[in-house]
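J.: So I've got this file, coords_25.txt, and it contains compact mmCIF, C-alpha atoms and all ligand atoms:
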# COMPACT_ATOMS: atom_id res chain seq x y z
CA MET F 569 90.24 105.08 108.71
CA ARG F 570 93.26 102.79 109.05
CA LYS F 571 92.82 99.41 107.40
CA ASN F 572 94.89 96.68 105.84
CA ILE F 573 95.16 97.05 102.08
CA VAL F 574 96.91 95.06 99.38
CA ALA F 575 96.99 97.01 96.13
CA GLY F 576 98.24 95.67 92.80
CA ASN F 577 99.89 98.04 90.36
CA TRP F 578 99.90 96.35 86.96
CA LYS F 579 101.88 99.23 85.43
CA MET F 580 102.08 99.14 81.59
CA ASN F 581 101.64 95.38 81.25
CA LYS F 582 99.24 92.96 79.56
CA THR F 583 97.05 93.00 76.48
CA PHE F 584 93.31 93.28 76.98
CA GLU F 585 92.92 89.50 76.71
CA GLU F 586 95.72 88.81 79.19
CA ALA F 587 94.31 91.40 81.58
CA GLU F 588 90.87 89.82 81.41
CA GLU F 589 92.33 86.37 82.05
CA LEU F 590 94.19 87.67 85.11
CA VAL F 591 91.26 89.58 86.57
CA SER F 592 88.86 86.69 86.08
CA LYS F 593 91.25 84.42 88.01
CA LEU F 594 91.49 87.03 90.76
CA ALA F 595 87.73 87.57 90.89
CA ASN F 596 87.22 83.83 91.37
CA GLY F 597 90.19 83.42 93.69
CA PHE F 598 89.33 85.99 96.37
CA ASP F 599 87.02 84.83 99.07
CA LYS F 600 85.63 87.28 101.61
CA LYS F 601 85.80 84.60 104.32
CA TYR F 602 89.58 84.52 104.54
CA LEU F 603 90.45 88.07 103.47
CA LYS F 604 91.66 90.24 106.34
CA CYS F 605 92.44 93.14 104.04
CA GLU F 606 90.92 95.26 101.35
CA VAL F 607 92.21 94.45 97.86
CA VAL F 608 92.68 97.12 95.19
CA ILE F 609 93.61 96.43 91.57
CA CYS F 610 95.15 99.24 89.50
CA PRO F 611 95.18 98.15 85.84
CA PRO F 612 96.23 100.27 82.84
CA SER F 613 93.56 102.90 82.03
CA PRO F 614 92.06 101.20 78.94
CA TYR F 615 91.12 98.24 81.13
CA LEU F 616 89.58 100.14 84.06
CA GLU F 617 85.98 99.55 83.04
CA MET F 618 86.50 95.89 82.23
CA VAL F 619 88.23 95.32 85.60
CA SER F 620 85.46 97.31 87.34
CA ASP F 621 82.87 94.97 85.82
CA TYR F 622 84.66 92.01 87.42
CA ALA F 623 84.97 93.94 90.70
CA GLU F 624 81.19 94.22 90.90
CA GLU F 625 80.97 90.44 91.19
CA SER F 626 83.95 90.13 93.54
CA VAL F 627 85.43 91.67 96.69
CA PHE F 628 88.11 93.97 95.31
CA ASP F 629 88.14 97.69 94.51
CA VAL F 630 89.64 99.32 91.46
CA GLY F 631 92.15 102.14 91.22
CA ALA F 632 93.86 104.13 88.48
CA GLN F 633 97.63 104.42 88.11
CA ASN F 634 97.63 108.12 87.26
CA VAL F 635 95.45 111.22 86.97
CA SER F 636 95.88 114.61 85.35
CA GLU F 637 96.85 117.54 87.50
CA TYR F 638 94.36 119.58 85.42
CA GLU F 639 90.61 119.72 85.37
CA ASN F 640 88.79 118.73 82.15
CA GLY F 641 89.61 120.49 78.88
CA ALA F 642 92.20 120.75 76.15
CA TYR F 643 94.87 118.44 77.60
CA THR F 644 95.34 115.78 74.92
CA GLY F 645 96.05 112.34 76.33
CA GLU F 646 95.22 113.19 79.92
CA ILE F 647 92.61 111.58 82.15
CA SER F 648 90.82 113.79 84.68
CA ALA F 649 89.76 112.97 88.22
CA GLU F 650 86.18 113.65 87.15
CA MET F 651 86.47 110.92 84.49
CA LEU F 652 87.82 108.45 87.06
CA SER F 653 85.03 109.37 89.41
CA SER F 654 82.42 108.95 86.65
CA ILE F 655 83.39 105.26 86.42
CA GLU F 656 83.26 105.04 90.22
CA LEU F 657 86.92 104.41 90.98
CA GLU F 658 87.88 104.54 94.63
CA TYR F 659 91.65 104.89 94.45
CA CYS F 660 94.42 106.38 92.32
CA ILE F 661 98.19 106.02 92.70
CA VAL F 662 100.10 109.32 92.80
CA GLY F 663 103.77 110.14 93.17
CA HIS F 664 105.03 106.73 92.04
CA SER F 665 108.81 106.80 91.63
CA GLU F 666 108.49 105.79 87.96
CA ARG F 667 106.37 108.89 87.30
CA ARG F 668 108.79 111.05 89.27
CA LYS F 669 111.76 109.61 87.33
CA TYR F 670 110.53 109.12 83.75
CA PHE F 671 107.95 111.91 83.60
CA ASN F 672 109.71 114.39 85.87
CA GLU F 673 106.72 114.71 88.13
CA SER F 674 107.44 117.28 90.81
CA ASN F 675 106.15 117.46 94.35
CA SER F 676 103.93 120.39 93.36
CA GLN F 677 102.40 118.47 90.41
CA ILE F 678 101.76 115.56 92.75
CA SER F 679 100.10 117.95 95.17
CA ALA F 680 97.84 119.27 92.36
CA LYS F 681 96.89 115.69 91.40
CA ILE F 682 95.98 114.95 95.00
CA ASP F 683 93.75 118.04 95.10
CA ARG F 684 91.96 116.97 91.89
CA LEU F 685 91.35 113.46 93.30
CA LEU F 686 90.07 114.75 96.63
CA ASP F 687 87.66 117.07 94.77
CA PHE F 688 86.01 113.91 93.46
CA GLY F 689 86.21 111.71 96.56
CA ILE F 690 88.93 109.40 95.19
CA HIS F 691 91.54 108.17 97.68
CA PRO F 692 95.08 109.00 96.55
CA ILE F 693 97.63 106.24 97.21
CA PHE F 694 100.58 108.54 97.77
CA CYS F 695 104.01 106.99 97.11
CA CYS F 696 107.23 108.25 98.61
CA GLY F 697 110.67 106.69 98.76
CA GLU F 698 114.38 107.31 98.63
CA VAL F 699 116.81 106.15 95.93
CA LEU F 700 119.77 103.89 96.78
CA ASN F 701 122.28 106.69 96.84
CA GLU F 702 120.18 108.60 99.38
CA ARG F 703 119.96 105.56 101.66
CA GLU F 704 123.70 104.98 101.35
CA LYS F 705 124.27 108.58 102.41
CA GLY F 706 121.91 108.06 105.36
CA ILE F 707 119.56 110.85 104.27
CA GLN F 708 116.49 108.65 103.65
CA PHE F 709 114.49 110.21 106.49
CA ASP F 710 115.12 113.75 105.20
CA VAL F 711 114.06 112.69 101.69
CA ILE F 712 110.80 111.16 102.87
CA LYS F 713 110.09 114.13 105.15
CA SER F 714 110.57 116.55 102.28
CA GLN F 715 108.41 114.56 99.82
CA ILE F 716 105.59 114.36 102.36
CA ALA F 717 105.86 117.98 103.46
CA LYS F 718 105.79 119.30 99.89
CA SER F 719 102.90 117.19 98.59
CA LEU F 720 100.76 116.18 101.56
CA PHE F 721 101.14 118.51 104.49
CA LEU F 722 99.45 121.28 102.52
CA LEU F 723 96.19 119.40 103.16
CA ASN F 724 94.01 120.10 106.16
CA LYS F 725 93.30 117.25 108.58
CA ASP F 726 89.97 116.31 106.97
CA GLU F 727 91.51 116.17 103.51
CA PHE F 728 94.49 114.19 104.78
CA SER F 729 92.21 111.55 106.28
CA ASN F 730 91.47 110.37 102.71
CA ILE F 731 95.10 109.59 101.91
CA VAL F 732 96.62 106.12 101.78
CA MET F 733 100.41 106.30 102.14
CA ALA F 734 102.86 103.94 100.45
CA TYR F 735 106.52 103.84 101.43
CA GLU F 736 108.37 102.51 98.41
CA PRO F 737 112.15 102.58 98.64
CA VAL F 738 113.13 103.05 95.00
CA TRP F 739 116.09 100.64 95.36
CA ALA F 740 113.59 97.90 96.19
CA ILE F 741 111.16 98.45 93.31
CA GLY F 742 111.40 95.74 90.67
CA THR F 743 114.90 94.77 91.86
CA GLY F 744 114.20 91.77 94.08
CA LYS F 745 115.99 93.66 96.90
CA THR F 746 113.14 93.88 99.37
CA ALA F 747 113.58 96.15 102.38
CA LYS F 748 114.22 94.16 105.54
CA PRO F 749 111.10 94.04 107.73
CA GLU F 750 112.90 96.19 110.33
CA GLN F 751 113.85 98.78 107.69
CA ALA F 752 110.21 98.98 106.57
CA GLN F 753 108.96 99.22 110.16
CA GLU F 754 111.52 101.92 111.00
CA MET F 755 110.45 104.12 108.07
CA HIS F 756 106.72 103.49 108.57
CA ALA F 757 107.03 104.45 112.25
CA PHE F 758 108.92 107.59 111.19
CA ILE F 759 106.18 108.50 108.67
CA ARG F 760 103.55 107.98 111.36
CA SER F 761 105.50 110.23 113.73
CA LEU F 762 105.63 112.97 111.07
CA ILE F 763 101.86 112.75 110.69
CA ALA F 764 101.38 112.92 114.47
CA GLU F 765 103.67 115.94 114.67
CA HIS F 766 101.94 117.77 111.81
CA TYR F 767 98.32 116.81 112.61
CA ASP F 768 97.84 114.75 115.78
CA ASN F 769 98.16 111.22 117.19
CA GLU F 770 94.66 110.20 116.21
CA THR F 771 95.26 111.14 112.57
CA ALA F 772 98.59 109.28 112.61
CA ASN F 773 97.01 106.16 114.10
CA ASN F 774 94.23 106.26 111.54
CA THR F 775 96.54 106.47 108.52
CA THR F 776 97.09 103.38 106.38
CA ILE F 777 100.76 103.03 105.40
CA LEU F 778 101.62 100.41 102.78
CA TYR F 779 105.03 99.02 101.92
CA GLY F 780 106.07 98.63 98.28
CA GLY F 781 109.23 97.21 96.71
CA SER F 782 109.72 93.57 95.67
CA CYS F 783 107.04 92.41 98.08
CA ASN F 784 106.02 88.87 97.13
CA ALA F 785 104.17 85.81 98.37
CA LYS F 786 107.24 84.68 100.33
CA ASN F 787 108.10 87.88 102.21
CA ALA F 788 104.67 89.55 102.57
CA HIS F 789 103.79 87.92 105.88
CA GLU F 790 107.01 89.03 107.57
CA LEU F 791 106.59 92.58 106.27
CA PHE F 792 102.88 92.89 107.13
CA ALA F 793 103.49 91.54 110.65
CA ASN F 794 105.10 94.84 111.66
CA ASN F 795 103.03 97.26 113.75
CA ASP F 796 103.20 100.14 111.34
CA VAL F 797 102.99 98.21 108.06
CA ASP F 798 99.35 98.07 107.00
CA GLY F 799 99.77 96.15 103.77
CA GLY F 800 101.49 96.48 100.44
CA LEU F 801 101.59 98.13 97.06
CA ILE F 802 102.59 95.28 94.78
CA GLY F 803 104.07 95.59 91.29
CA GLY F 804 105.54 92.48 89.65
CA ALA F 805 103.86 89.97 91.94
CA SER F 806 100.41 91.45 91.20
CA LEU F 807 100.68 90.17 87.61
CA LYS F 808 100.32 86.54 88.66
CA ALA F 809 96.97 85.59 90.13
CA GLN F 810 98.30 82.92 92.51
CA ASP F 811 101.01 85.18 93.90
CA PHE F 812 98.74 88.18 94.37
CA ILE F 813 96.07 86.09 96.09
CA ALA F 814 98.74 84.60 98.37
CA ILE F 815 99.96 88.09 99.29
CA ALA F 816 96.42 89.20 100.11
CA LYS F 817 96.17 86.16 102.40
CA SER F 818 99.36 87.11 104.26
CA PHE F 819 97.71 88.91 107.20
C1 LIG T 1 105.77 99.32 92.54
O1 LIG T 1 106.17 99.64 91.43
O2 LIG T 1 104.95 100.03 93.16
C2 LIG T 1 106.30 98.10 93.12
C3 LIG T 1 106.20 97.93 94.41
O3 LIG T 1 106.89 97.21 92.24
P1 LIG T 1 107.53 95.78 92.61
O4 LIG T 1 106.58 95.10 93.55
O5 LIG T 1 107.63 95.09 91.30
O6 LIG T 1 108.84 96.05 93.24
Write the structure described by the file as structure tokens, please.
T.:
Amino acid sequence: MRKNIVAGNWKMNKTFEEAEELVSKLANGFDKKYLKCEVVICPPSPYLEMVSDYAEESVFDVGAQNVSEYENGAYTGEISAEMLSSIELEYCIVGHSERRKYFNESNSQISAKIDRLLDFGIHPIFCCGEVLNEREKGIQFDVIKSQIAKSLFLLNKDEFSNIVMAYEPVWAIGTGKTAKPEQAQEMHAFIRSLIAEHYDNETANNTTILYGGSCNAKNAHELFANNDVDGGLIGGASLKAQDFIAIAKSF
């Protein structure tokens, strides 16, 4: 079901102590009374349980940043969807541009990860986005269409209803070059039209589509005010409690 979500991706940042300091500030800072969105925190894996303990006393959910494409077994260093489910995680990021770029994750690996997560009732937060060169060439819509078709449109309608989408133009991630609100709206509307075309209007209207890429406390309100922007996937600004709380209050 479509809802407003603000998700924080901490990436590979913070020691255990720093992470605990941040999450305790967040746990105290969020108040159900003013929140018009669901909040998800995606810390590094070693901190998932600690952050989940704080979540129990607060209003946010917890997500992982990655999952193995394989089931359990001899895959040294990997973390399975079953493991994430056994600590009751609700969300997991998949297809992030950093994983596509630095770990060569392909659309078919991303598709396998999504299948593993859905097997265990975890909502994938599926990231897609074009690089600068692709936007300059004007092929951003083709790029997004292809990423979605190859990793998501293999799902049936029921399976797809568990997906949270995140449009993250790669040129905006960590660069301070936020997409203009109208650029975000244009792409989100396009993504929704692809979903309507492939499934139906109801499915498209029920899909949550987040924006990610240098979203911060100053620009979140303008971005989230667009019809097809249902919240944000936040990197850098999720590492500061005050900023992340302000973003969550931007609806
Ligand atoms: C991200 O990496 O998903 C992201 C949106 O990062 P940032 O907010 O730092 O651009």
J.: Using all atoms listed in the file, which of F:Ala649, F:Cys610, F:Leu686, F:Val732 sits nearest Ser636 (chain F)?
T.: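 So, comparing all the options, the nearest one is F:Ala649.
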J.: With distances taken over only C-alpha atoms and all ligand atoms, which residue among F:Leu594, F:Leu807, F:Ile741, F:Leu722 lies nearest ligand LIG 1 (chain T)?
T.: F:Ile741
J.: Please determine an axis-aligned box that encloses all atoms of ligand LIG 1 (chain T) listed in the file, with 4 Å added on each side, and express its centre and edge lengths in Å to one decimal as JSON.
T.:
{"center_x": 106.9, "center_y": 97.6, "center_z": 92.9, "size_x": 11.9, "size_y": 12.9, "size_z": 11.1}
J.: Neighbours of ligand LIG 1 (chain T) at 6 Å or closer, counting only C-alpha atoms and all ligand atoms: which residues, as a list in words?
T.: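 Checked against 6 Å with only C-alpha atoms and all ligand atoms; the hits are Ala740, Ile741, Gly742, Gly780, Gly781, Ser782, Cys783, Leu801, Ile802, Gly803 and Gly804 of chain F.
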J.: Would you work out the distance separating CA of Val607 (chain F) from CA of Lys571 (chain F), expressed in Å to one decimal?
T.: 10.8 Å
J.: What gap, in Å, lies between CA of Leu720 (chain F) and CA of Glu698 (chain F)?
T.: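 Straight-line distance from CA of Leu720 (chain F) to CA of Glu698 (chain F) works out to 16.5 Å.
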J.: Of the candidates F:Gln708, F:Asn795, F:Thr583, F:Asn784, which one gets nearest to Ala814 (chain F) if we count only C-alpha atoms?
T.: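 For Ala814 (chain F), the nearest of the given residues is F:Asn784.
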J.: Taking (92.8, 83.9, 86.1) as a centre in this file's frame and 12 Å as the limit, can you find every polymer residue with an atom that close, using all atoms listed in the file, and give them as an mmCIF file with C-alpha atoms, keeping the file's coordinate frame?
T.:
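Done, and the output landed in selection22.cif:
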data_model
loop_
_atom_site.group_PDB
_atom_site.id
_atom_site.type_symbol
_atom_site.label_atom_id
_atom_site.label_comp_id
_atom_site.auth_asym_id
_atom_site.auth_seq_id
_atom_site.Cartn_x
_atom_site.Cartn_y
_atom_site.Cartn_z
ATOM 1 C CA GLU F 585 92.920 89.500 76.710
ATOM 2 C CA GLU F 586 95.720 88.810 79.190
ATOM 3 C CA ALA F 587 94.310 91.400 81.580
ATOM 4 C CA GLU F 588 90.870 89.820 81.410
ATOM 5 C CA GLU F 589 92.330 86.370 82.050
ATOM 6 C CA LEU F 590 94.190 87.670 85.110
ATOM 7 C CA VAL F 591 91.260 89.580 86.570
ATOM 8 C CA SER F 592 88.860 86.690 86.080
ATOM 9 C CA LYS F 593 91.250 84.420 88.010
ATOM 10 C CA LEU F 594 91.490 87.030 90.760
ATOM 11 C CA ALA F 595 87.730 87.570 90.890
ATOM 12 C CA ASN F 596 87.220 83.830 91.370
ATOM 13 C CA GLY F 597 90.190 83.420 93.690
ATOM 14 C CA PHE F 598 89.330 85.990 96.370
ATOM 15 C CA TYR F 622 84.660 92.010 87.420
ATOM 16 C CA SER F 806 100.410 91.450 91.200
ATOM 17 C CA LEU F 807 100.680 90.170 87.610
ATOM 18 C CA LYS F 808 100.320 86.540 88.660
ATOM 19 C CA ALA F 809 96.970 85.590 90.130
ATOM 20 C CA GLN F 810 98.300 82.920 92.510
ATOM 21 C CA ASP F 811 101.010 85.180 93.900
ATOM 22 C CA PHE F 812 98.740 88.180 94.370
ATOM 23 C CA ILE F 813 96.070 86.090 96.090
#
J.: Here is a test: counting only C-alpha atoms, which residue of F:Met651, F:Ala747, F:Ile731, F:Ile682 is nearest to Gly697 (chain F)?
T.: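 For Gly697 (chain F), the nearest of the given residues is F:Ala747.
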J.: In Å, rounded to a single decimal, give me how far CA of Tyr602 (chain F) is from CA of Ala793 (chain F).
T.: 16.7 Å
J.: Here is a test: counting only C-alpha atoms, which residue of F:Leu652, F:Met580, F:Ala816, F:Met755 is nearest to Asp687 (chain F)?
T.: F:Leu652
